[in-house]
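Source file: my_file36.pdb. Holds: PDB, C-alpha atoms.
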ATOM      1  CA  MET A   1     -16.655  10.558 -14.949  1.00  0.00           C
ATOM      2  CA  THR A   2     -19.153  12.797 -13.193  1.00  0.00           C
ATOM      3  CA  GLY A   3     -17.811  15.567 -10.989  1.00  0.00           C
ATOM      4  CA  VAL A   4     -18.739  15.628  -7.299  1.00  0.00           C
ATOM      5  CA  ASP A   5     -19.561  18.973  -5.703  1.00  0.00           C
ATOM      6  CA  LEU A   6     -17.580  18.481  -2.490  1.00  0.00           C
ATOM      7  CA  ALA A   7     -17.900  22.142  -1.554  1.00  0.00           C
ATOM      8  CA  GLY A   8     -21.697  21.927  -1.830  1.00  0.00           C
ATOM      9  CA  PHE A   9     -21.745  18.697   0.147  1.00  0.00           C
ATOM     10  CA  ALA A  10     -19.525  20.191   2.845  1.00  0.00           C
ATOM     11  CA  GLY A  11     -21.809  23.219   3.043  1.00  0.00           C
ATOM     12  CA  ALA A  12     -24.878  20.990   3.407  1.00  0.00           C
ATOM     13  CA  VAL A  13     -23.211  18.972   6.173  1.00  0.00           C
ATOM     14  CA  LYS A  14     -22.184  22.172   7.964  1.00  0.00           C
ATOM     15  CA  ALA A  15     -25.756  23.501   7.729  1.00  0.00           C
ATOM     16  CA  LEU A  16     -27.077  20.169   9.041  1.00  0.00           C
ATOM     17  CA  ALA A  17     -24.674  20.315  11.980  1.00  0.00           C
ATOM     18  CA  GLY A  18     -25.879  23.828  12.762  1.00  0.00           C
ATOM     19  CA  ARG A  19     -29.548  22.776  12.680  1.00  0.00           C
ATOM     20  CA  ALA A  20     -28.850  19.734  14.841  1.00  0.00           C
ATOM     21  CA  GLU A  21     -26.897  21.769  17.373  1.00  0.00           C
ATOM     22  CA  ALA A  22     -29.602  24.431  17.502  1.00  0.00           C
ATOM     23  CA  SER A  23     -32.750  22.322  17.749  1.00  0.00           C
ATOM     24  CA  LEU A  24     -32.331  18.523  17.713  1.00  0.00           C
ATOM     25  CA  ALA A  25     -32.124  18.113  21.502  1.00  0.00           C
ATOM     26  CA  GLU A  26     -35.266  20.186  22.052  1.00  0.00           C
ATOM     27  CA  GLU A  27     -37.183  18.331  19.328  1.00  0.00           C
ATOM     28  CA  CYS A  28     -36.151  14.998  20.844  1.00  0.00           C
ATOM     29  CA  ALA A  29     -37.136  16.162  24.345  1.00  0.00           C
ATOM     30  CA  ARG A  30     -40.609  17.141  23.089  1.00  0.00           C
ATOM     31  CA  ALA A  31     -40.991  13.808  21.250  1.00  0.00           C
ATOM     32  CA  ALA A  32     -39.815  11.945  24.363  1.00  0.00           C
ATOM     33  CA  ALA A  33     -42.394  13.786  26.480  1.00  0.00           C
ATOM     34  CA  THR A  34     -45.150  12.643  24.119  1.00  0.00           C
ATOM     35  CA  GLU A  35     -44.033   9.013  24.392  1.00  0.00           C
ATOM     36  CA  TYR A  36     -43.678   9.265  28.184  1.00  0.00           C
ATOM     37  CA  HIS A  37     -47.248  10.615  28.392  1.00  0.00           C
ATOM     38  CA  ALA A  38     -48.451   7.564  26.477  1.00  0.00           C
ATOM     39  CA  ALA A  39     -46.642   5.297  28.940  1.00  0.00           C
ATOM     40  CA  LEU A  40     -48.153   7.192  31.888  1.00  0.00           C
ATOM     41  CA  ASP A  41     -51.597   6.435  30.459  1.00  0.00           C
ATOM     42  CA  VAL A  42     -50.757   2.766  31.045  1.00  0.00           C
ATOM     43  CA  THR A  43     -48.956   2.946  34.411  1.00  0.00           C
ATOM     44  CA  THR A  44     -50.772   5.692  36.365  1.00  0.00           C
ATOM     45  CA  PRO A  45     -53.164   4.294  38.989  1.00  0.00           C
ATOM     46  CA  VAL A  46     -56.792   5.168  38.316  1.00  0.00           C
ATOM     47  CA  LEU A  47     -59.468   5.684  40.918  1.00  0.00           C
ATOM     48  CA  THR A  48     -61.265   8.722  39.539  1.00  0.00           C
ATOM     49  CA  GLY A  49     -58.950   9.477  36.622  1.00  0.00           C
ATOM     50  CA  ALA A  50     -57.908  12.825  38.116  1.00  0.00           C
ATOM     51  CA  LEU A  51     -54.262  11.794  38.574  1.00  0.00           C
ATOM     52  CA  ARG A  52     -53.945  10.390  35.059  1.00  0.00           C
ATOM     53  CA  GLY A  53     -55.697  13.436  33.610  1.00  0.00           C
ATOM     54  CA  SER A  54     -53.386  15.811  35.459  1.00  0.00           C
ATOM     55  CA  MET A  55     -50.198  14.594  33.765  1.00  0.00           C
ATOM     56  CA  HIS A  56     -48.704  17.183  31.451  1.00  0.00           C
ATOM     57  CA  THR A  57     -45.414  18.524  30.141  1.00  0.00           C
ATOM     58  CA  MET A  58     -44.421  21.163  32.656  1.00  0.00           C
ATOM     59  CA  GLY A  59     -41.775  22.557  30.377  1.00  0.00           C
ATOM     60  CA  VAL A  60     -38.826  21.906  28.108  1.00  0.00           C
ATOM     61  CA  THR A  61     -35.569  23.489  29.174  1.00  0.00           C
ATOM     62  CA  GLY A  62     -32.185  23.680  27.591  1.00  0.00           C
ATOM     63  CA  GLY A  63     -31.394  23.740  23.951  1.00  0.00           C
ATOM     64  CA  GLY A  64     -28.358  23.319  21.813  1.00  0.00           C
ATOM     65  CA  PRO A  65     -26.923  19.863  22.526  1.00  0.00           C
ATOM     66  CA  VAL A  66     -28.935  19.212  25.739  1.00  0.00           C
ATOM     67  CA  ALA A  67     -32.636  19.637  26.486  1.00  0.00           C
ATOM     68  CA  VAL A  68     -34.912  18.166  29.140  1.00  0.00           C
ATOM     69  CA  ALA A  69     -38.689  17.776  29.184  1.00  0.00           C
ATOM     70  CA  GLU A  70     -40.235  17.774  32.649  1.00  0.00           C
ATOM     71  CA  VAL A  71     -43.408  15.686  32.790  1.00  0.00           C
ATOM     72  CA  GLY A  72     -45.563  15.277  35.857  1.00  0.00           C
ATOM     73  CA  SER A  73     -48.590  16.423  37.783  1.00  0.00           C
ATOM     74  CA  ASP A  74     -49.416  19.457  39.888  1.00  0.00           C
ATOM     75  CA  LEU A  75     -51.833  17.460  42.048  1.00  0.00           C
ATOM     76  CA  ILE A  76     -50.850  17.519  45.707  1.00  0.00           C
ATOM     77  CA  TYR A  77     -51.085  13.743  46.107  1.00  0.00           C
ATOM     78  CA  ALA A  78     -49.196  12.790  42.916  1.00  0.00           C
ATOM     79  CA  ARG A  79     -45.834  12.497  44.700  1.00  0.00           C
ATOM     80  CA  PHE A  80     -47.416  10.563  47.587  1.00  0.00           C
ATOM     81  CA  ARG A  81     -49.140   8.169  45.176  1.00  0.00           C
ATOM     82  CA  ASN A  82     -45.854   7.536  43.343  1.00  0.00           C
ATOM     83  CA  TYR A  83     -43.474   7.186  46.316  1.00  0.00           C
ATOM     84  CA  GLY A  84     -45.869   6.282  49.127  1.00  0.00           C
ATOM     85  CA  GLY A  85     -45.649   7.498  52.704  1.00  0.00           C
ATOM     86  CA  THR A  86     -47.698   8.137  55.807  1.00  0.00           C
ATOM     87  CA  ILE A  87     -50.533  10.631  56.206  1.00  0.00           C
ATOM     88  CA  ARG A  88     -51.401  11.719  59.745  1.00  0.00           C
ATOM     89  CA  SER A  89     -54.552  13.425  60.950  1.00  0.00           C
ATOM     90  CA  LYS A  90     -53.976  17.048  61.911  1.00  0.00           C
ATOM     91  CA  GLY A  91     -56.360  16.726  64.861  1.00  0.00           C
ATOM     92  CA  PRO A  92     -57.976  14.184  67.175  1.00  0.00           C
ATOM     93  CA  TRP A  93     -60.293  12.863  64.436  1.00  0.00           C
ATOM     94  CA  PRO A  94     -59.599   9.932  62.102  1.00  0.00           C
ATOM     95  CA  LEU A  95     -58.812  10.165  58.423  1.00  0.00           C
ATOM     96  CA  ARG A  96     -61.687   9.217  56.166  1.00  0.00           C
ATOM     97  CA  ASN A  97     -62.698   9.023  52.556  1.00  0.00           C
ATOM     98  CA  ARG A  98     -65.427  11.638  52.137  1.00  0.00           C
ATOM     99  CA  ALA A  99     -66.780  10.007  49.000  1.00  0.00           C
ATOM    100  CA  THR A 100     -67.271   6.536  50.515  1.00  0.00           C
ATOM    101  CA  GLY A 101     -67.412   7.305  54.238  1.00  0.00           C
ATOM    102  CA  GLN A 102     -64.624   4.791  54.899  1.00  0.00           C
ATOM    103  CA  VAL A 103     -62.689   5.556  58.115  1.00  0.00           C
ATOM    104  CA  PHE A 104     -58.948   4.775  58.271  1.00  0.00           C
ATOM    105  CA  GLY A 105     -57.788   5.830  61.716  1.00  0.00           C
ATOM    106  CA  ARG A 106     -55.471   8.694  62.677  1.00  0.00           C
ATOM    107  CA  GLN A 107     -52.755   7.711  60.222  1.00  0.00           C
ATOM    108  CA  VAL A 108     -52.509   5.802  56.968  1.00  0.00           C
ATOM    109  CA  THR A 109     -49.370   4.371  55.397  1.00  0.00           C
ATOM    110  CA  GLN A 110     -49.481   3.596  51.710  1.00  0.00           C
ATOM    111  CA  ALA A 111     -46.877   1.899  49.549  1.00  0.00           C
ATOM    112  CA  GLY A 112     -45.949   3.865  46.465  1.00  0.00           C
ATOM    113  CA  ALA A 113     -47.211   2.735  43.091  1.00  0.00           C
ATOM    114  CA  HIS A 114     -43.967   3.884  41.390  1.00  0.00           C
ATOM    115  CA  TYR A 115     -45.981   4.647  38.270  1.00  0.00           C
ATOM    116  CA  MET A 116     -43.533   7.339  37.113  1.00  0.00           C
ATOM    117  CA  GLU A 117     -40.613   4.891  37.171  1.00  0.00           C
ATOM    118  CA  ASN A 118     -42.742   2.161  35.577  1.00  0.00           C
ATOM    119  CA  ALA A 119     -43.615   4.569  32.771  1.00  0.00           C
ATOM    120  CA  GLU A 120     -39.890   5.069  32.135  1.00  0.00           C
ATOM    121  CA  GLY A 121     -39.567   1.348  31.439  1.00  0.00           C
ATOM    122  CA  TRP A 122     -42.641   1.317  29.187  1.00  0.00           C
ATOM    123  CA  ALA A 123     -41.445   4.383  27.286  1.00  0.00           C
ATOM    124  CA  GLU A 124     -37.767   3.516  26.804  1.00  0.00           C
ATOM    125  CA  GLY A 125     -38.187   1.878  23.381  1.00  0.00           C
ATOM    126  CA  PRO A 126     -40.768   4.359  22.035  1.00  0.00           C
ATOM    127  CA  ILE A 127     -38.651   7.323  23.199  1.00  0.00           C
ATOM    128  CA  SER A 128     -35.593   5.921  21.440  1.00  0.00           C
ATOM    129  CA  ALA A 129     -37.630   5.373  18.265  1.00  0.00           C
ATOM    130  CA  ALA A 130     -39.141   8.891  18.403  1.00  0.00           C
ATOM    131  CA  CYS A 131     -35.696  10.471  18.773  1.00  0.00           C
ATOM    132  CA  LYS A 132     -34.375   8.396  15.876  1.00  0.00           C
ATOM    133  CA  ILE A 133     -37.268   9.651  13.739  1.00  0.00           C
ATOM    134  CA  LYS A 134     -36.408  13.264  14.650  1.00  0.00           C
ATOM    135  CA  LEU A 135     -32.778  12.608  13.719  1.00  0.00           C
ATOM    136  CA  ASP A 136     -33.778  10.917  10.441  1.00  0.00           C
ATOM    137  CA  GLU A 137     -36.018  13.891   9.583  1.00  0.00           C
ATOM    138  CA  MET A 138     -33.138  16.275  10.184  1.00  0.00           C
ATOM    139  CA  ILE A 139     -30.495  14.305   8.292  1.00  0.00           C
ATOM    140  CA  ARG A 140     -32.056  14.771   4.898  1.00  0.00           C
ATOM    141  CA  LEU A 141     -29.366  16.577   2.963  1.00  0.00           C
TER
END
Structure re-expressed in structure tokens:
Amino acid sequence: MTGVDLAGFAGAVKALAGRAEASLAEECARAAATEYHAALDVTTPVLTGALRGSMHTMGVTGGGPVAVAEVGSDLIYARFRNYGGTIRSKGPWPLRNRATGQVFGRQVTQAGAHYMENAEGWAEGPISAACKIKLDEMIRL
């Protein structure tokens, strides 16, 4: 009968637990951000490509057992394009599209595209798979 090194195994499991507690959440958050970016490439409305091109990971916060990746855009109209709303002229002149010359009137109401939420649906499976890969990579004893 071959002897089993239970002390060595226990030490390896303890080291694994320490690594997981220290960095697994952050690694998964970064992997999730990558997958969410890929989904945003599908769901973000495109007129000029500026909105899609502006999407980036704004930061990863936390650590230990909990980490969060914040993904979005710094463009002023990104929130409006996602949620919709009404834009009003700040003077007596109508709103217009400078590029096309189209005139809209003194206010414009637009429905939101909800592309950020749609990307969540697209990315759910890939995010889960990416986090499983990170866990599998870490669990090699």
Atom CA of Tyr36 of chain A to atom CA of Gly62 of chain A, straight-line distance in Å: 18.4 Å
Spatial neighbours of Met55 of chain A, 12 Å, only C-alpha atoms, chain gap at least 6 places, as a list in words: Ala33, Thr34, Tyr36, His37, Ala38, Ala39, Leu40, Asp41, Thr43, Thr44, Pro45, Gly49, Glu70, Val71, Gly72, Ser73, Asp74, Leu75, Ala78, Arg79, Tyr115 and Met116 of chain A
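Take atom CA of Leu16 of chain A and atom CA of Ala129 of chain A: the distance between them is 20.4 Å.
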Expected residue set, 10 Å radius at (-37.8, 9.8, 17.6), only C-alpha atoms, as a VMD selection string: chain A and resid 27 to 32 35 125 to 137
For atom CA of Gln110 of chain A and atom CA of Gly85 of chain A, the interatomic separation in Å (one decimal): 5.6 Å
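Of the residues listed (A:Gly11, A:Gly121, A:Gly112, A:Gly3), A:Gly112 shows the shortest atom-to-atom separation from Arg81 of chain A; distances use all atoms listed in the file.
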Long-range neighbours of Ala17 of chain A as JSON, numbers by chain, 12 Å cut-off, all atoms listed in the file, 4 positions minimum in chain: {"A": [10, 11, 12, 13, 21, 22, 23, 24, 64, 65, 135, 138, 139, 140, 141]}
Local residues around (-57.3, 8.9, 59.8), at most 9 Å away, using all atoms listed in the file, as a ChimeraX atom specification: /A:87-89,93-96,103-108
Can you write just those residues out, C-alpha atoms, as a CSV table (one decimal), in the frame of the given file?
chain,number,residue,atom,x,y,z
A,87,ILE,CA,-50.5,10.6,56.2
A,88,ARG,CA,-51.4,11.7,59.7
A,89,SER,CA,-54.6,13.4,61.0
A,93,TRP,CA,-60.3,12.9,64.4
A,94,PRO,CA,-59.6,9.9,62.1
A,95,LEU,CA,-58.8,10.2,58.4
A,96,ARG,CA,-61.7,9.2,56.2
A,103,VAL,CA,-62.7,5.6,58.1
A,104,PHE,CA,-58.9,4.8,58.3
A,105,GLY,CA,-57.8,5.8,61.7
A,106,ARG,CA,-55.5,8.7,62.7
A,107,GLN,CA,-52.8,7.7,60.2
A,108,VAL,CA,-52.5,5.8,57.0
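With only C-alpha atoms as the atoms that count, the minimum distance from Thr61 of chain A to the choices A:Ala119, A:Ala25, A:Ala15, A:Ala111 is reached by A:Ala25.
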Option closest in space to Tyr83 of chain A, from A:Arg52, A:Arg19, A:Lys14, A:His114 [counting all atoms listed in the file]: A:His114
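Nearest to Val68 of chain A of all the residues A:Pro92, A:Thr48, A:Glu26, A:Gly53 is A:Glu26, based on only C-alpha atoms.
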Option closest in space to Glu120 of chain A, from A:Gly18, A:Phe9, A:Val42, A:Met58 [counting only C-alpha atoms]: A:Val42
